[in-house]
Amino acid sequence: MRRAISVIGGTGPAGTGLALRWARAGETVIIGSRDAARAQQTAETIRQRAGANAQVSGLENSAACAASDLLVLTVPFEGQAALLKQLKPAMRAGSVLIDATVPLAASVGGRASRTLGVWQGSAAQQAAELVPKGVSVAAAFQNASAEQLNGDADLDCDVIVCSDDPGATQVTMELAAKIAGVRAIDGGKLENARIVEQITALLIGLNLRHKGHSGIRITGLPDGAYKVSLLHNR
Ligand SMILES: NC(=O)c1ccc[n+]([C@@H]2O[C@H](COP(=O)([O-])OP(=O)(O)OC[C@H]3O[C@@H](n4cnc5c(N)ncnc54)[C@H](OP(=O)(O)O)[C@@H]3O)[C@@H](O)[C@H]2O)c1
């Protein structure tokens with residue numbers, strides 16, 4: 001697998017924050033956007049923040065998809081299905097798609113503290129239906145605050161990774177553990193993404209109520225269940 005990470009929809013706060021953290025960790029990152037110029041602008045902003053050696057570039061989404069076997073999807077739910085259909089020809093068998101999409105009711109004019117019912121069970125399962133054969137989907141990062149990701153402090157949250165492909169789970173956990181402060185946890189099958197996506201709506205409600213940027217920590221598991229970042233304040 002090629003080591004570049006393509007963040008599709010990487011111009012928004014979630015994608016930009018993840019890209020910033022991975023660039024700081026020494027990963028090669030490609031920002032994807034519907035607009036190549038916007039992708040390049042975002043890449044330049046991330047490069048300036050991540051340091052002189054940061055490897056960040058920007059491409060239109062299809063080109064970003066074609067340039068990597070490791071794809072991270074950070075678009076609003078209302079755009080997820082149409083975008084995946086458009087990107088299908090650009091995805092290669094053997095790729096991993098990490099989906100951070102949350103089906104917030106805000107997508108259809110409702111509250112961000114509520115979720116929509118998704119026929120397949122979750123946004124991640126919808127993604128799994130839409131990718132070409134041979135592309136594995138993992139669900140992760142739905143509970144990681146973009147506000148925190150875009151800051152400089154270590155994060156204070158766990159990332160639950162759900163996938164039906166153990167290889168995709170492993171790759172995703174490794175990427176999560178590159179973010180300082182994050183502990184990655186294998187959350188089991190992709191269908192569990194339904195529960196993880198719901199937690200985001202709860203966190204948004206808590207943020208509104210208490211004026212914060214909440215995250216989750218899962219306690220009580222053996223040490224081996226947590227894949228932990230070795231990076232701090234980078
Ligand atoms: N914000 C958070 O704290 C957070 C945390 C975890 C997970 N998430 C989830 O991650 C996803 C992205 O969150 P975000 O806050 O970064 O969202 P966002 O700013 O609304 O969107 C991210 C990017 O997606 C692209 N986009 C917007 N509408 C689109 C459409 N209809 N079709 C294709 N592309 C579209 C845009 O990029 P271009 O215009 O450049 O193409 C935009 O910059 C969401 O599903 C969200 O629920 C968010």
# chains A, B, ... in the order shown; residues from 1 in each chain; ligands from 1

$ closest_atom_pairs --of "chain A" --to "ligand 1" --cutoff "7 Å" --atoms "only C-alpha atoms and all ligand atoms" --output "JSON lines"
{"residue": "A:Gly9", "atom": "CA", "partner": "ligand 1", "partner_atom_place_in_ligand_line": "24 (O)", "distance": 4.0}
{"residue": "A:Gly10", "atom": "CA", "partner": "ligand 1", "partner_atom_place_in_ligand_line": "23 (C)", "distance": 5.9}
{"residue": "A:Thr11", "atom": "CA", "partner": "ligand 1", "partner_atom_place_in_ligand_line": "43 (O)", "distance": 4.1}
{"residue": "A:Gly12", "atom": "CA", "partner": "ligand 1", "partner_atom_place_in_ligand_line": "43 (O)", "distance": 3.5}
{"residue": "A:Pro13", "atom": "CA", "partner": "ligand 1", "partner_atom_place_in_ligand_line": "16 (O)", "distance": 4.0}
{"residue": "A:Ala14", "atom": "CA", "partner": "ligand 1", "partner_atom_place_in_ligand_line": "16 (O)", "distance": 3.8}
{"residue": "A:Gly15", "atom": "CA", "partner": "ligand 1", "partner_atom_place_in_ligand_line": "16 (O)", "distance": 5.5}
{"residue": "A:Ser33", "atom": "CA", "partner": "ligand 1", "partner_atom_place_in_ligand_line": "41 (O)", "distance": 3.8}
{"residue": "A:Arg34", "atom": "CA", "partner": "ligand 1", "partner_atom_place_in_ligand_line": "41 (O)", "distance": 3.7}
{"residue": "A:Asp35", "atom": "CA", "partner": "ligand 1", "partner_atom_place_in_ligand_line": "40 (O)", "distance": 5.7}
{"residue": "A:Arg38", "atom": "CA", "partner": "ligand 1", "partner_atom_place_in_ligand_line": "40 (O)", "distance": 5.8}
{"residue": "A:Ala39", "atom": "CA", "partner": "ligand 1", "partner_atom_place_in_ligand_line": "40 (O)", "distance": 6.3}
{"residue": "A:Thr74", "atom": "CA", "partner": "ligand 1", "partner_atom_place_in_ligand_line": "11 (C)", "distance": 4.0}
{"residue": "A:Val75", "atom": "CA", "partner": "ligand 1", "partner_atom_place_in_ligand_line": "24 (O)", "distance": 3.8}
{"residue": "A:Pro76", "atom": "CA", "partner": "ligand 1", "partner_atom_place_in_ligand_line": "45 (O)", "distance": 3.8}
{"residue": "A:Phe77", "atom": "CA", "partner": "ligand 1", "partner_atom_place_in_ligand_line": "45 (O)", "distance": 5.0}
{"residue": "A:Glu78", "atom": "CA", "partner": "ligand 1", "partner_atom_place_in_ligand_line": "31 (N)", "distance": 5.7}
{"residue": "A:Gly79", "atom": "CA", "partner": "ligand 1", "partner_atom_place_in_ligand_line": "31 (N)", "distance": 3.5}
{"residue": "A:Gln80", "atom": "CA", "partner": "ligand 1", "partner_atom_place_in_ligand_line": "32 (N)", "distance": 6.3}
{"residue": "A:Ala82", "atom": "CA", "partner": "ligand 1", "partner_atom_place_in_ligand_line": "32 (N)", "distance": 7.0}
{"residue": "A:Leu83", "atom": "CA", "partner": "ligand 1", "partner_atom_place_in_ligand_line": "33 (C)", "distance": 5.5}
{"residue": "A:Ala100", "atom": "CA", "partner": "ligand 1", "partner_atom_place_in_ligand_line": "10 (O)", "distance": 5.0}
{"residue": "A:Thr101", "atom": "CA", "partner": "ligand 1", "partner_atom_place_in_ligand_line": "45 (O)", "distance": 3.3}
{"residue": "A:Val102", "atom": "CA", "partner": "ligand 1", "partner_atom_place_in_ligand_line": "47 (O)", "distance": 3.9}
{"residue": "A:Pro103", "atom": "CA", "partner": "ligand 1", "partner_atom_place_in_ligand_line": "47 (O)", "distance": 6.4}
{"residue": "A:Leu104", "atom": "CA", "partner": "ligand 1", "partner_atom_place_in_ligand_line": "47 (O)", "distance": 6.3}
{"residue": "A:Phe141", "atom": "CA", "partner": "ligand 1", "partner_atom_place_in_ligand_line": "6 (C)", "distance": 5.6}
{"residue": "A:Gln142", "atom": "CA", "partner": "ligand 1", "partner_atom_place_in_ligand_line": "7 (C)", "distance": 3.9}
{"residue": "A:Asn143", "atom": "CA", "partner": "ligand 1", "partner_atom_place_in_ligand_line": "6 (C)", "distance": 5.2}
{"residue": "A:Ala144", "atom": "CA", "partner": "ligand 1", "partner_atom_place_in_ligand_line": "6 (C)", "distance": 5.0}
{"residue": "A:Ser145", "atom": "CA", "partner": "ligand 1", "partner_atom_place_in_ligand_line": "3 (O)", "distance": 4.1}
{"residue": "A:Ala146", "atom": "CA", "partner": "ligand 1", "partner_atom_place_in_ligand_line": "3 (O)", "distance": 3.7}
{"residue": "A:Glu147", "atom": "CA", "partner": "ligand 1", "partner_atom_place_in_ligand_line": "3 (O)", "distance": 6.1}

$ residues_around --residues "Gln126 in chain A" --least-positions-apart "2" --cutoff "12 Å" --atoms "only C-alpha atoms" --output "ChimeraX atom specification"
/A:77-78,80-82,84-85,99,101-103,117-124,128-131,137-139,190-191,193-194

$ write_last_selection --atoms "C-alpha atoms" --output "CSV table (one decimal), in the first residue's frame"
chain,number,residue,atom,x,y,z
A,77,PHE,CA,-23.8,13.1,5.1
A,78,GLU,CA,-25.9,14.8,2.4
A,80,GLN,CA,-21.6,11.3,1.0
A,81,ALA,CA,-23.5,8.9,-1.4
A,82,ALA,CA,-23.3,11.1,-4.5
A,84,LEU,CA,-18.8,8.0,-3.5
A,85,LYS,CA,-20.7,7.1,-6.7
A,99,ASP,CA,-15.3,7.0,6.8
A,101,THR,CA,-19.3,10.7,8.2
A,102,VAL,CA,-22.0,11.3,10.8
A,103,PRO,CA,-25.6,11.3,9.5
A,117,GLY,CA,-32.0,6.9,10.3
A,118,VAL,CA,-29.9,5.4,7.5
A,119,TRP,CA,-31.4,2.5,5.6
A,120,GLN,CA,-28.1,0.5,5.8
A,121,GLY,CA,-27.8,1.1,9.5
A,122,SER,CA,-25.1,3.8,9.5
A,123,ALA,CA,-23.3,6.2,7.2
A,124,ALA,CA,-20.3,3.9,7.2
A,128,ALA,CA,-19.5,0.1,2.2
A,129,GLU,CA,-22.4,-0.5,-0.2
A,130,LEU,CA,-21.1,2.2,-2.6
A,131,VAL,CA,-17.4,1.4,-2.9
A,137,VAL,CA,-14.4,0.4,4.7
A,138,ALA,CA,-13.5,1.3,8.3
A,139,ALA,CA,-15.5,3.7,10.4
A,190,LEU,CA,-18.7,-2.2,10.8
A,191,GLU,CA,-22.3,-2.4,12.0
A,193,ALA,CA,-20.5,2.3,13.5
A,194,ARG,CA,-24.2,3.0,13.9

$ select_by_dssp --residues "range 25-134 of chain A" --states "strand (DSSP E or B)" --output "PyMOL selection string"
chain A and resi 28-33+55-60+70-73+96-99+104+115

$ select_by_dssp --residues "range 105-143 of chain A" --states "alpha helix (DSSP H)" --output "NGL selection string"
:A and (123-130)

$ closest_residue --among "A:Ala105, A:Ile98, A:Ala54, A:Ala112" --to "Gln125 in chain A" --atoms "only C-alpha atoms"
A:Ile98

$ closest_atom_pairs --of "range 27-113 of chain A" --to "range 157-171 of chain A" --cutoff "12 Å" --atoms "only C-alpha atoms" --output "JSON lines"
{"residue": "A:Asp69", "atom": "CA", "partner": "A:Ala168", "partner_atom": "CA", "distance": 11.2}
{"residue": "A:Leu70", "atom": "CA", "partner": "A:Val171", "partner_atom": "CA", "distance": 8.8}
{"residue": "A:Leu71", "atom": "CA", "partner": "A:Ala168", "partner_atom": "CA", "distance": 11.0}
{"residue": "A:Val72", "atom": "CA", "partner": "A:Val171", "partner_atom": "CA", "distance": 11.7}
{"residue": "A:Gly94", "atom": "CA", "partner": "A:Ala168", "partner_atom": "CA", "distance": 9.7}
{"residue": "A:Ser95", "atom": "CA", "partner": "A:Ala168", "partner_atom": "CA", "distance": 8.8}
{"residue": "A:Val96", "atom": "CA", "partner": "A:Ala168", "partner_atom": "CA", "distance": 6.0}
{"residue": "A:Leu97", "atom": "CA", "partner": "A:Ala168", "partner_atom": "CA", "distance": 8.2}
{"residue": "A:Ile98", "atom": "CA", "partner": "A:Ala168", "partner_atom": "CA", "distance": 8.3}
{"residue": "A:Asp99", "atom": "CA", "partner": "A:Cys162", "partner_atom": "CA", "distance": 9.9}
{"residue": "A:Ala100", "atom": "CA", "partner": "A:Val161", "partner_atom": "CA", "distance": 10.2}

$ closest_residue --among "A:Gly151, A:Gly187, A:Gly58, A:Pro132" --to "Gly17 in chain A" --atoms "only C-alpha atoms"
A:Gly151

$ closest_residue --among "A:Ala23, A:Leu155, A:Asn61, A:Arg217" --to "Thr45 in chain A" --atoms "only C-alpha atoms"
A:Ala23

$ residues_around --residues "Ala66 in chain A" --least-positions-apart "2" --cutoff "8 Å" --atoms "only C-alpha atoms" --output "list in words"
Ser62, Ala63, Ala64, Ser68, Asp69, Ala90, Met91 and Arg92 of chain A

$ residues_around --residues "Gly181 in chain A" --least-positions-apart "5" --cutoff "12 Å" --atoms "only C-alpha atoms" --output "compact mmCIF listing (two decimals) with all heavy atoms, in the first residue's frame"
# COMPACT_ATOMS: atom_id res chain seq x y z
N ARG A 21 -2.78 16.86 11.82
CA ARG A 21 -2.16 15.94 12.80
C ARG A 21 -1.27 14.92 12.11
O ARG A 21 -0.19 14.59 12.59
CB ARG A 21 -3.25 15.24 13.62
CG ARG A 21 -4.08 16.20 14.47
CD ARG A 21 -3.22 16.83 15.54
NE ARG A 21 -3.96 17.83 16.32
CZ ARG A 21 -3.70 18.10 17.59
NH1 ARG A 21 -2.74 17.48 18.24
NH2 ARG A 21 -4.40 19.03 18.21
N ALA A 144 -14.17 12.49 17.17
CA ALA A 144 -13.02 13.37 17.42
C ALA A 144 -13.39 14.80 17.04
O ALA A 144 -13.83 15.06 15.92
CB ALA A 144 -11.82 12.90 16.60
N GLN A 148 -10.63 20.45 18.37
CA GLN A 148 -9.42 19.94 19.05
C GLN A 148 -8.36 19.52 18.04
O GLN A 148 -7.17 19.78 18.23
CB GLN A 148 -9.77 18.73 19.94
CG GLN A 148 -10.83 19.00 20.99
CD GLN A 148 -10.33 19.83 22.15
OE1 GLN A 148 -9.14 20.07 22.26
NE2 GLN A 148 -11.24 20.26 22.99
N LEU A 149 -8.80 18.86 16.96
CA LEU A 149 -7.84 18.41 15.95
C LEU A 149 -7.09 19.58 15.33
O LEU A 149 -5.91 19.48 14.99
CB LEU A 149 -8.56 17.63 14.84
CG LEU A 149 -9.02 16.22 15.17
CD1 LEU A 149 -10.00 15.70 14.12
CD2 LEU A 149 -7.83 15.26 15.28
N ASP A 152 -3.34 22.85 18.89
CA ASP A 152 -1.95 22.41 19.04
C ASP A 152 -1.77 21.44 20.21
O ASP A 152 -0.75 20.76 20.29
CB ASP A 152 -1.04 23.62 19.24
CG ASP A 152 -1.01 24.49 18.00
OD1 ASP A 152 -0.98 23.92 16.88
OD2 ASP A 152 -1.06 25.73 18.13
N ALA A 153 -2.75 21.39 21.10
CA ALA A 153 -2.61 20.52 22.28
C ALA A 153 -2.89 19.06 21.90
O ALA A 153 -3.56 18.79 20.90
CB ALA A 153 -3.59 20.96 23.36
N ASP A 154 -2.35 18.14 22.71
CA ASP A 154 -2.70 16.73 22.54
C ASP A 154 -4.21 16.58 22.65
O ASP A 154 -4.86 17.28 23.45
CB ASP A 154 -2.06 15.88 23.64
CG ASP A 154 -0.55 15.74 23.43
OD1 ASP A 154 0.00 16.38 22.52
OD2 ASP A 154 0.06 14.98 24.21
N LEU A 155 -4.77 15.65 21.91
CA LEU A 155 -6.19 15.38 22.06
C LEU A 155 -6.44 14.62 23.36
O LEU A 155 -5.50 14.05 23.92
CB LEU A 155 -6.71 14.57 20.86
CG LEU A 155 -7.29 15.47 19.76
CD1 LEU A 155 -6.18 16.16 19.00
CD2 LEU A 155 -8.18 14.70 18.82
N ASP A 156 -7.67 14.64 23.81
CA ASP A 156 -8.04 13.88 25.01
C ASP A 156 -9.25 13.04 24.64
O ASP A 156 -10.37 13.31 25.08
CB ASP A 156 -8.35 14.86 26.15
CG ASP A 156 -8.71 14.12 27.44
OD1 ASP A 156 -8.46 12.90 27.51
OD2 ASP A 156 -9.24 14.77 28.36
N CYS A 157 -9.03 12.04 23.78
CA CYS A 157 -10.17 11.21 23.35
C CYS A 157 -9.70 9.86 22.81
O CYS A 157 -8.54 9.70 22.44
CB CYS A 157 -10.99 11.93 22.28
SG CYS A 157 -10.19 12.07 20.70
N ASP A 158 -10.61 8.93 22.81
CA ASP A 158 -10.38 7.63 22.18
C ASP A 158 -11.07 7.62 20.82
O ASP A 158 -12.08 8.31 20.61
CB ASP A 158 -10.96 6.51 23.04
CG ASP A 158 -10.21 6.35 24.35
OD1 ASP A 158 -9.07 6.86 24.44
OD2 ASP A 158 -10.76 5.73 25.29
N VAL A 159 -10.53 6.84 19.91
CA VAL A 159 -11.12 6.68 18.58
C VAL A 159 -11.50 5.21 18.43
O VAL A 159 -10.64 4.32 18.49
CB VAL A 159 -10.14 7.11 17.47
CG1 VAL A 159 -10.62 6.65 16.10
CG2 VAL A 159 -9.96 8.63 17.49
N ALA A 176 -4.87 6.39 13.64
CA ALA A 176 -5.46 7.10 14.79
C ALA A 176 -4.40 7.32 15.87
O ALA A 176 -4.31 8.39 16.47
CB ALA A 176 -6.64 6.30 15.35
N GLY A 215 -15.15 14.87 24.05
CA GLY A 215 -14.72 13.64 23.38
C GLY A 215 -15.05 12.48 24.29
O GLY A 215 -15.62 12.68 25.36
N ILE A 216 -14.70 11.27 23.88
CA ILE A 216 -15.00 10.11 24.73
C ILE A 216 -13.72 9.38 25.13
O ILE A 216 -12.74 9.36 24.39
CB ILE A 216 -15.96 9.11 24.06
CG1 ILE A 216 -15.37 8.60 22.72
CG2 ILE A 216 -17.33 9.69 23.86
CD1 ILE A 216 -16.00 7.30 22.25
N ARG A 217 -13.75 8.77 26.31
CA ARG A 217 -12.73 7.84 26.76
C ARG A 217 -13.43 6.56 27.19
O ARG A 217 -14.42 6.62 27.94
CB ARG A 217 -11.95 8.41 27.95
CG ARG A 217 -10.97 9.53 27.62
CD ARG A 217 -9.76 9.05 26.87
NE ARG A 217 -8.68 10.03 26.85
CZ ARG A 217 -7.68 9.98 25.95
NH1 ARG A 217 -7.64 9.03 25.02
NH2 ARG A 217 -6.73 10.87 26.00
N TYR A 226 -5.82 -0.89 23.90
CA TYR A 226 -5.62 0.51 23.50
C TYR A 226 -4.35 0.63 22.68
O TYR A 226 -3.28 0.24 23.13
CB TYR A 226 -5.49 1.41 24.74
CG TYR A 226 -6.66 1.34 25.68
CD1 TYR A 226 -6.61 0.56 26.84
CD2 TYR A 226 -7.83 2.05 25.43
CE1 TYR A 226 -7.67 0.50 27.72
CE2 TYR A 226 -8.90 2.00 26.31
CZ TYR A 226 -8.82 1.23 27.45
OH TYR A 226 -9.87 1.17 28.31
N LYS A 227 -4.49 1.18 21.48
CA LYS A 227 -3.29 1.51 20.70
C LYS A 227 -3.04 2.99 20.94
O LYS A 227 -3.88 3.85 20.64
CB LYS A 227 -3.52 1.22 19.22
CG LYS A 227 -2.26 1.35 18.41
CD LYS A 227 -2.36 0.63 17.07
CE LYS A 227 -1.05 0.67 16.32
NZ LYS A 227 0.05 0.02 17.02
N VAL A 228 -1.87 3.28 21.51
CA VAL A 228 -1.64 4.62 22.06
C VAL A 228 -0.60 5.36 21.25
O VAL A 228 0.39 4.80 20.80
CB VAL A 228 -1.16 4.51 23.53
CG1 VAL A 228 -1.00 5.89 24.14
CG2 VAL A 228 -2.15 3.69 24.34
N SER A 229 -0.83 6.67 21.09
CA SER A 229 0.13 7.53 20.41
C SER A 229 1.39 7.70 21.24
O SER A 229 1.33 7.83 22.46
CB SER A 229 -0.50 8.90 20.19
OG SER A 229 0.49 9.80 19.79
N LEU A 230 2.52 7.69 20.57
CA LEU A 230 3.78 7.96 21.25
C LEU A 230 4.17 9.42 21.08
O LEU A 230 5.21 9.86 21.56
CB LEU A 230 4.88 7.05 20.70
CG LEU A 230 4.62 5.56 20.88
CD1 LEU A 230 5.68 4.74 20.17
CD2 LEU A 230 4.58 5.20 22.36
N LEU A 231 3.35 10.18 20.35
CA LEU A 231 3.68 11.58 20.06
C LEU A 231 3.01 12.49 21.08
O LEU A 231 1.90 12.24 21.52
CB LEU A 231 3.15 11.96 18.68
CG LEU A 231 3.69 11.12 17.52
CD1 LEU A 231 2.86 11.39 16.28
CD2 LEU A 231 5.14 11.46 17.29
N HIS A 232 3.68 13.55 21.43
CA HIS A 232 3.08 14.52 22.35
C HIS A 232 3.37 15.93 21.88
O HIS A 232 4.49 16.26 21.53
CB HIS A 232 3.60 14.33 23.77
CG HIS A 232 3.16 13.02 24.34
ND1 HIS A 232 1.88 12.79 24.78
CD2 HIS A 232 3.83 11.86 24.48
CE1 HIS A 232 1.79 11.54 25.18
NE2 HIS A 232 2.95 10.97 25.01
N ASN A 233 2.34 16.75 21.86
CA ASN A 233 2.46 18.19 21.55
C ASN A 233 3.23 18.47 20.27
O ASN A 233 4.12 19.30 20.25
CB ASN A 233 3.14 18.93 22.71
CG ASN A 233 2.12 19.29 23.75
OD1 ASN A 233 0.98 19.61 23.42
ND2 ASN A 233 2.53 19.22 25.00
N ARG A 234 2.89 17.74 19.20
CA ARG A 234 3.59 18.00 17.95
C ARG A 234 2.67 18.74 16.97
O ARG A 234 1.49 18.70 17.10
CB ARG A 234 4.07 16.71 17.32
CG ARG A 234 5.15 16.06 18.16
CD ARG A 234 5.77 14.91 17.45
NE ARG A 234 6.15 15.28 16.10
CZ ARG A 234 6.65 14.42 15.20
NH1 ARG A 234 6.83 13.18 15.52
NH2 ARG A 234 6.96 14.80 13.97

$ closest_residue --among "A:Thr28, A:Lys88, A:Leu116, A:Cys65" --to "Arg47 in chain A" --atoms "only C-alpha atoms"
A:Thr28
